[in-house]
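Coordinates from coords_39.cif are shown below (mmCIF, C-alpha atoms and all ligand atoms).
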```cif
data_protein
loop_
_atom_site.label_atom_id
_atom_site.label_comp_id
_atom_site.auth_asym_id
_atom_site.auth_seq_id
_atom_site.Cartn_x
_atom_site.Cartn_y
_atom_site.Cartn_z
CA MET A 1 -12.93 -9.31 -8.56
CA PRO A 2 -11.85 -11.82 -5.90
CA SER A 3 -8.12 -12.33 -5.50
CA SER A 4 -6.46 -15.47 -6.78
CA THR A 5 -5.78 -16.44 -3.17
CA VAL A 6 -9.48 -16.38 -2.35
CA GLU A 7 -10.19 -18.38 -5.50
CA ASN A 8 -7.58 -20.98 -4.60
CA TYR A 9 -9.02 -21.40 -1.11
CA LEU A 10 -12.52 -21.86 -2.51
CA LYS A 11 -11.27 -24.44 -5.00
CA ALA A 12 -9.36 -26.32 -2.28
CA ILE A 13 -12.35 -26.38 0.09
CA TRP A 14 -14.58 -27.56 -2.75
CA SER A 15 -12.31 -30.45 -3.70
CA LEU A 16 -11.91 -31.53 -0.06
CA GLN A 17 -15.69 -31.39 0.33
CA GLU A 18 -16.04 -33.57 -2.75
CA GLN A 19 -13.66 -36.18 -1.36
CA GLY A 20 -15.01 -36.08 2.18
CA GLU A 21 -18.33 -37.31 3.46
CA LYS A 22 -21.43 -35.67 1.98
CA GLY A 23 -22.48 -32.52 3.79
CA GLY A 24 -19.60 -32.74 6.27
CA LEU A 25 -17.32 -29.92 7.36
CA VAL A 26 -13.76 -29.81 6.05
CA PRO A 27 -11.19 -29.57 8.87
CA ILE A 28 -8.98 -26.47 8.55
CA GLY A 29 -5.87 -28.68 8.86
CA GLN A 30 -6.80 -30.34 5.58
CA VAL A 31 -7.23 -26.98 3.85
CA ALA A 32 -3.86 -25.83 5.18
CA GLU A 33 -2.17 -29.01 4.00
CA LYS A 34 -3.70 -28.83 0.54
CA LEU A 35 -2.52 -25.25 0.05
CA SER A 36 0.82 -25.75 1.83
CA VAL A 37 0.17 -23.01 4.38
CA THR A 38 0.23 -23.14 8.18
CA PRO A 39 -3.04 -23.90 10.01
CA GLY A 40 -2.84 -20.38 11.49
CA THR A 41 -2.75 -18.80 8.04
CA ALA A 42 -5.66 -20.95 6.88
CA THR A 43 -7.69 -20.03 9.97
CA THR A 44 -7.14 -16.31 9.37
CA MET A 45 -8.33 -16.81 5.81
CA MET A 46 -11.44 -18.70 6.98
CA ASN A 47 -12.50 -15.64 9.00
CA GLN A 48 -12.02 -13.45 5.92
CA LEU A 49 -13.97 -15.83 3.67
CA GLU A 50 -16.78 -15.90 6.18
CA LYS A 51 -16.84 -12.08 6.30
CA LYS A 52 -17.06 -12.03 2.50
CA GLY A 53 -20.07 -14.33 2.75
CA LEU A 54 -18.50 -17.26 0.91
CA VAL A 55 -18.27 -20.01 3.56
CA ASP A 56 -19.85 -21.30 6.75
CA TYR A 57 -17.01 -21.60 9.22
CA THR A 58 -17.23 -23.13 12.69
CA PRO A 59 -14.01 -22.65 14.69
CA ARG A 60 -12.35 -25.95 15.68
CA ARG A 61 -14.85 -27.94 13.60
CA GLY A 62 -14.34 -26.90 10.02
CA VAL A 63 -15.59 -25.10 6.98
CA ARG A 64 -18.07 -25.57 4.17
CA LEU A 65 -18.79 -23.47 1.07
CA ASN A 66 -22.15 -21.75 1.05
CA GLU A 67 -24.05 -21.32 -2.23
CA THR A 68 -22.21 -18.09 -3.14
CA GLY A 69 -18.85 -19.72 -2.42
CA ARG A 70 -19.76 -22.83 -4.37
CA LYS A 71 -20.78 -20.77 -7.42
CA LEU A 72 -17.49 -18.90 -7.32
CA ALA A 73 -15.54 -22.16 -6.93
CA MET A 74 -17.38 -23.58 -9.96
CA LYS A 75 -16.47 -20.48 -11.96
CA VAL A 76 -12.78 -21.00 -11.22
CA LEU A 77 -13.03 -24.74 -11.88
CA ARG A 78 -14.71 -24.04 -15.22
CA ARG A 79 -11.86 -21.72 -16.16
CA HIS A 80 -9.25 -24.24 -15.05
CA ARG A 81 -10.75 -27.14 -16.96
CA LEU A 82 -11.50 -25.14 -20.11
CA VAL A 83 -7.96 -23.76 -20.13
CA GLU A 84 -6.51 -27.29 -19.76
CA THR A 85 -8.70 -28.48 -22.62
CA PHE A 86 -7.61 -25.54 -24.75
CA LEU A 87 -3.93 -26.13 -24.04
CA VAL A 88 -4.23 -29.79 -25.06
CA LYS A 89 -6.71 -29.65 -27.95
CA ILE A 90 -5.74 -26.37 -29.60
CA MET A 91 -2.18 -25.74 -28.45
CA LYS A 92 -1.26 -29.45 -28.62
CA LEU A 93 0.47 -29.59 -25.25
CA ASP A 94 0.73 -32.88 -23.39
CA TRP A 95 -2.10 -33.62 -20.90
CA ALA A 96 0.55 -34.27 -18.24
CA GLU A 97 1.95 -30.76 -18.47
CA VAL A 98 -0.98 -28.36 -18.58
CA HIS A 99 -2.07 -28.21 -14.94
CA GLU A 100 0.52 -25.72 -13.69
CA ASP A 101 -0.20 -23.28 -16.52
CA ALA A 102 -3.92 -23.63 -15.95
CA GLU A 103 -3.40 -22.84 -12.26
CA VAL A 104 -2.05 -19.44 -13.30
CA LEU A 105 -4.27 -18.70 -16.30
CA GLU A 106 -7.54 -19.55 -14.49
CA HIS A 107 -7.18 -16.34 -12.48
CA VAL A 108 -6.20 -13.95 -15.26
CA ILE A 109 -7.99 -14.65 -18.54
CA SER A 110 -10.99 -12.43 -19.27
CA ASP A 111 -14.55 -13.70 -19.58
CA ARG A 112 -14.44 -12.69 -23.25
CA LEU A 113 -11.44 -14.94 -23.91
CA LEU A 114 -13.03 -17.79 -22.01
CA VAL A 115 -16.19 -17.58 -24.11
CA ARG A 116 -14.06 -17.66 -27.27
CA MET A 117 -12.04 -20.65 -26.04
CA ASP A 118 -15.25 -22.49 -25.24
CA GLU A 119 -16.51 -21.79 -28.78
CA MET A 120 -13.27 -22.89 -30.42
CA LEU A 121 -13.48 -26.14 -28.47
CA HIS A 122 -17.16 -26.62 -29.44
CA HIS A 123 -18.33 -26.43 -25.81
CA PRO A 124 -16.52 -29.44 -24.34
CA THR A 125 -18.10 -31.28 -21.41
CA HIS A 126 -14.89 -32.86 -20.06
CA ASP A 127 -11.28 -31.80 -19.67
CA PRO A 128 -8.25 -33.85 -20.83
CA HIS A 129 -8.18 -35.68 -17.49
CA GLY A 130 -11.80 -36.75 -17.92
CA SER A 131 -13.18 -34.35 -15.31
CA PRO A 132 -16.53 -32.74 -16.06
CA ILE A 133 -16.37 -29.02 -16.88
CA PRO A 134 -18.89 -26.99 -14.88
CA GLY A 135 -21.41 -25.14 -17.08
CA SER A 136 -21.45 -21.34 -17.29
CA ASP A 137 -24.46 -21.55 -14.93
CA GLY A 138 -22.24 -23.22 -12.30
CA ARG A 139 -23.79 -26.66 -12.67
CA LEU A 140 -21.49 -29.65 -12.43
CA GLU A 141 -22.48 -33.01 -13.85
CA GLN A 142 -22.25 -35.90 -11.39
CA ASP A 143 -20.46 -38.49 -13.48
CA GLY A 144 -21.36 -41.58 -11.44
CA THR A 145 -17.76 -42.77 -11.20
CA ALA A 146 -16.27 -44.90 -8.42
CA VAL A 147 -12.76 -44.82 -6.99
CA LEU A 148 -10.86 -47.82 -8.38
CA ALA A 149 -9.39 -48.58 -4.95
CA ASP A 150 -12.93 -49.26 -3.66
CA CYS A 151 -13.99 -51.51 -6.56
CA PRO A 152 -14.12 -55.32 -6.64
CA PRO A 153 -12.32 -57.21 -9.43
CA GLY A 154 -14.05 -56.80 -12.79
CA ARG A 155 -14.07 -54.92 -16.11
CA TYR A 156 -13.91 -51.15 -15.95
CA THR A 157 -13.58 -48.05 -18.09
CA LEU A 158 -11.24 -45.36 -16.82
CA LYS A 159 -13.26 -42.15 -16.86
CA ARG A 160 -11.17 -39.71 -14.99
CA VAL A 161 -7.76 -39.18 -13.39
CA ARG A 162 -7.92 -37.18 -10.17
CA GLU A 163 -4.25 -36.27 -9.90
CA ASP A 164 -2.19 -33.49 -11.45
CA GLN A 165 1.39 -34.70 -10.95
CA PRO A 166 3.07 -34.69 -14.38
CA THR A 167 5.18 -37.78 -13.57
CA PHE A 168 2.09 -39.79 -12.60
CA LEU A 169 0.20 -38.69 -15.72
CA GLN A 170 3.19 -39.50 -17.93
CA TRP A 171 3.39 -42.94 -16.32
CA LEU A 172 -0.27 -43.52 -17.14
CA SER A 173 0.31 -42.33 -20.73
CA GLY A 174 3.18 -44.82 -21.02
CA LEU A 175 0.79 -47.61 -20.02
CA GLU A 176 -1.85 -46.19 -22.38
CA LEU A 177 -4.14 -46.07 -19.37
CA VAL A 178 -5.96 -42.83 -20.18
CA PRO A 179 -9.61 -41.73 -19.92
CA GLY A 180 -11.69 -43.98 -22.14
CA THR A 181 -9.46 -47.07 -21.74
CA HIS A 182 -11.20 -50.36 -20.87
CA PHE A 183 -9.24 -52.60 -18.54
CA THR A 184 -9.62 -55.45 -16.08
CA LEU A 185 -9.03 -55.23 -12.36
CA SER A 186 -7.81 -58.79 -11.86
CA GLU A 187 -6.77 -58.84 -8.27
CA LYS A 188 -6.58 -56.67 -5.17
CA ASN A 189 -3.88 -57.50 -2.69
CA LEU A 190 -4.69 -55.29 0.27
CA GLU A 191 -1.88 -56.71 2.43
CA ALA A 192 0.72 -55.71 -0.16
CA GLY A 193 -1.25 -52.57 -1.06
CA THR A 194 -1.30 -53.37 -4.77
CA LEU A 195 -3.84 -53.88 -7.53
CA SER A 196 -3.21 -56.00 -10.62
CA LEU A 197 -4.59 -54.65 -13.86
CA GLY A 198 -4.99 -56.26 -17.27
CA LEU A 199 -4.47 -53.55 -19.89
CA PRO A 200 -5.24 -53.65 -23.62
CA GLY A 201 -2.39 -55.01 -25.72
CA ARG A 202 -0.42 -56.34 -22.75
CA SER A 203 -0.26 -60.01 -21.92
CA GLU A 204 1.24 -59.43 -18.45
CA LEU A 205 -0.66 -57.88 -15.60
CA ILE A 206 0.70 -54.58 -14.32
CA GLN A 207 0.74 -53.63 -10.64
CA ILE A 208 -0.35 -50.29 -9.34
CA SER A 209 -0.26 -49.11 -5.75
CA LEU A 210 -3.36 -48.58 -3.66
CA PRO A 211 -2.69 -44.81 -3.33
CA ALA A 212 -2.34 -44.53 -7.13
CA SER A 213 -5.62 -46.39 -7.59
CA ARG A 214 -7.35 -43.76 -5.46
CA SER A 215 -6.68 -41.26 -8.25
CA LEU A 216 -8.42 -43.37 -10.87
CA LEU A 217 -12.17 -42.92 -11.24
CA VAL A 218 -13.96 -45.63 -13.16
CA VAL A 219 -17.30 -46.99 -14.26
CA LYS A 220 -18.13 -50.66 -14.58
CA VAL A 221 -18.28 -52.04 -18.12
CA SER A 222 -21.79 -53.39 -18.51
ZN ZN A 301 -5.57 -29.21 -13.51
#
```

Take the structure in the file and give it back as structure tokens.
Amino acid sequence: MPSSTVENYLKAIWSLQEQGEKGGLVPIGQVAEKLSVTPGTATTMMNQLEKKGLVDYTPRRGVRLNETGRKLAMKVLRRHRLVETFLVKIMKLDWAEVHEDAEVLEHVISDRLLVRMDEMLHHPTHDPHGSPIPGSDGRLEQDGTAVLADCPPGRYTLKRVREDQPTFLQWLSGLELVPGTHFTLSEKNLEAGTLSLGLPGRSELIQISLPASRSLLVVKVS
């Protein structure tokens, strides 16, 4: 059984790989920053992960999960996303407040419990934040979403929120901008670093910051 530390490193490397360029190496500095550890600590861990046969690590260049590491990362991600779904759908907790608990529970619940949770939820494909849940075979659906910050003005559906901060999620809830919402990106003001959105039921445009719009994954309304 890998330790929760190992699992957290694999998850962090996976998410940085996802956000970086395809097939590229993730710099160790980024891993350290994501996990709030020193670069020295992260480097020591990279050597251990490589010894365990989970990553390809090139000193001073970066790290990448190998197939074994990726499968393990998907296992943890599946647990995390199923737990979040369970906490919201069955335990009726707010979507803004389940991430921290899922961070703990993902490492400790048994496979037997996970199977039961999956059954009780009727095998969900997405978590409350709209993120796809990896299958038990480790496969992860590519959802074809784009980052709102990179999109031209137009009509979009919010598919997924790639941010776990409760305050940010509560702010989105207050705007009723949640996965499934259709909205209009009216204007991008790159100088000011803001985007203007037309939301359902609101006559006035609302402004969101460019960094916030990087957490919103959308598809174009056809
Ligand atoms: Zn989460």

Counting only C-alpha atoms, what is within 9 Å of A:His107, bar same-chain residues fewer than 2 positions away, as a list of chain:residue names?
A:Ser3, A:Ser4, A:Glu7, A:Val76, A:Arg79, A:His80, A:Ala102, A:Glu103, A:Val104, A:Leu105, A:Ile109, A:Ser110

Got a sec to check which residues sit within 8 Å of (-15.5, -23.3, 6.2), counting all atoms listed in the file, and write them as a ChimeraX atom specification?
/A:13,25-26,28,46,50,55-58,62-65

Around ligand ZN 301 (chain A), which protein and nucleic acid residues have at least one atom no more than 10 Å from it, if we count only C-alpha atoms and all ligand atoms? List them as a ChimeraX atom specification.
/A:77,80-85,95-103,106,127-129,131,162-165

Using only C-alpha atoms, which residues sit within 6 Å of stretch 172-187 of chain A once same-chain residues fewer than 4 positions away are excluded, as a PyMOL selection string?
chain A and resi 130+153-160+195-199

Suppose we keep C-alpha atoms; can you now write the selection as a tab-separated table (two decimals), keeping the file's coordinate frame?
```
chain	number	residue	atom	x	y	z
A	130	GLY	CA	-11.80	-36.75	-17.92
A	153	PRO	CA	-12.32	-57.21	-9.43
A	154	GLY	CA	-14.05	-56.80	-12.79
A	155	ARG	CA	-14.07	-54.92	-16.11
A	156	TYR	CA	-13.91	-51.15	-15.95
A	157	THR	CA	-13.58	-48.05	-18.09
A	158	LEU	CA	-11.24	-45.36	-16.82
A	159	LYS	CA	-13.26	-42.15	-16.86
A	160	ARG	CA	-11.17	-39.71	-14.99
A	195	LEU	CA	-3.84	-53.88	-7.53
A	196	SER	CA	-3.21	-56.00	-10.62
A	197	LEU	CA	-4.59	-54.65	-13.86
A	198	GLY	CA	-4.99	-56.26	-17.27
A	199	LEU	CA	-4.47	-53.55	-19.89
```

Which distance in Å separates atom CA of A:Glu191 and atom CA of A:Pro211, to one decimal?
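Atom-to-atom, atom CA of A:Glu191 to atom CA of A:Pro211, that is 13.2 Å.
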
Need the axis-aligned box for stretch 54-65 of chain A with 6 Å each side, so what are the centre and edges in Å to one decimal, as JSON?
```
{"center_x": -16.1, "center_y": -22.6, "center_z": 8.3, "size_x": 19.5, "size_y": 22.7, "size_z": 26.8}
```

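For the pair atom CA of A:Pro39 and atom CA of A:Leu72, the interatomic distance is 23.1 Å.
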
Closest contacts (stretch 73-120 of chain A/stretch 137-147 of chain A, max 9 Å, only C-alpha atoms) as CSV:
```
residue,atom,partner,partner_atom,distance
A:Ala73,CA,A:Gly138,CA,8.7
A:Met74,CA,A:Gly138,CA,5.4
A:Lys75,CA,A:Gly138,CA,6.4
A:Arg78,CA,A:Gly138,CA,8.1
```

Quote the spacing between atom CA of A:Asn66 and atom CA of A:Gly135 in Å to one decimal place.
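Atom CA of A:Asn66 sits 18.5 Å away from atom CA of A:Gly135.
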
Find the residue from A:Leu16, A:Ala212, A:Leu93, A:Leu190 that sits nearest to A:Pro152; use only C-alpha atoms when measuring.
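Of the candidates, the smallest distance to A:Pro152 is held by A:Leu190.
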
Counting all atoms listed in the file, which of A:Ala149, A:Leu87, A:Leu10, A:Ala42 gets nearest to A:Thr68?
A:Leu10
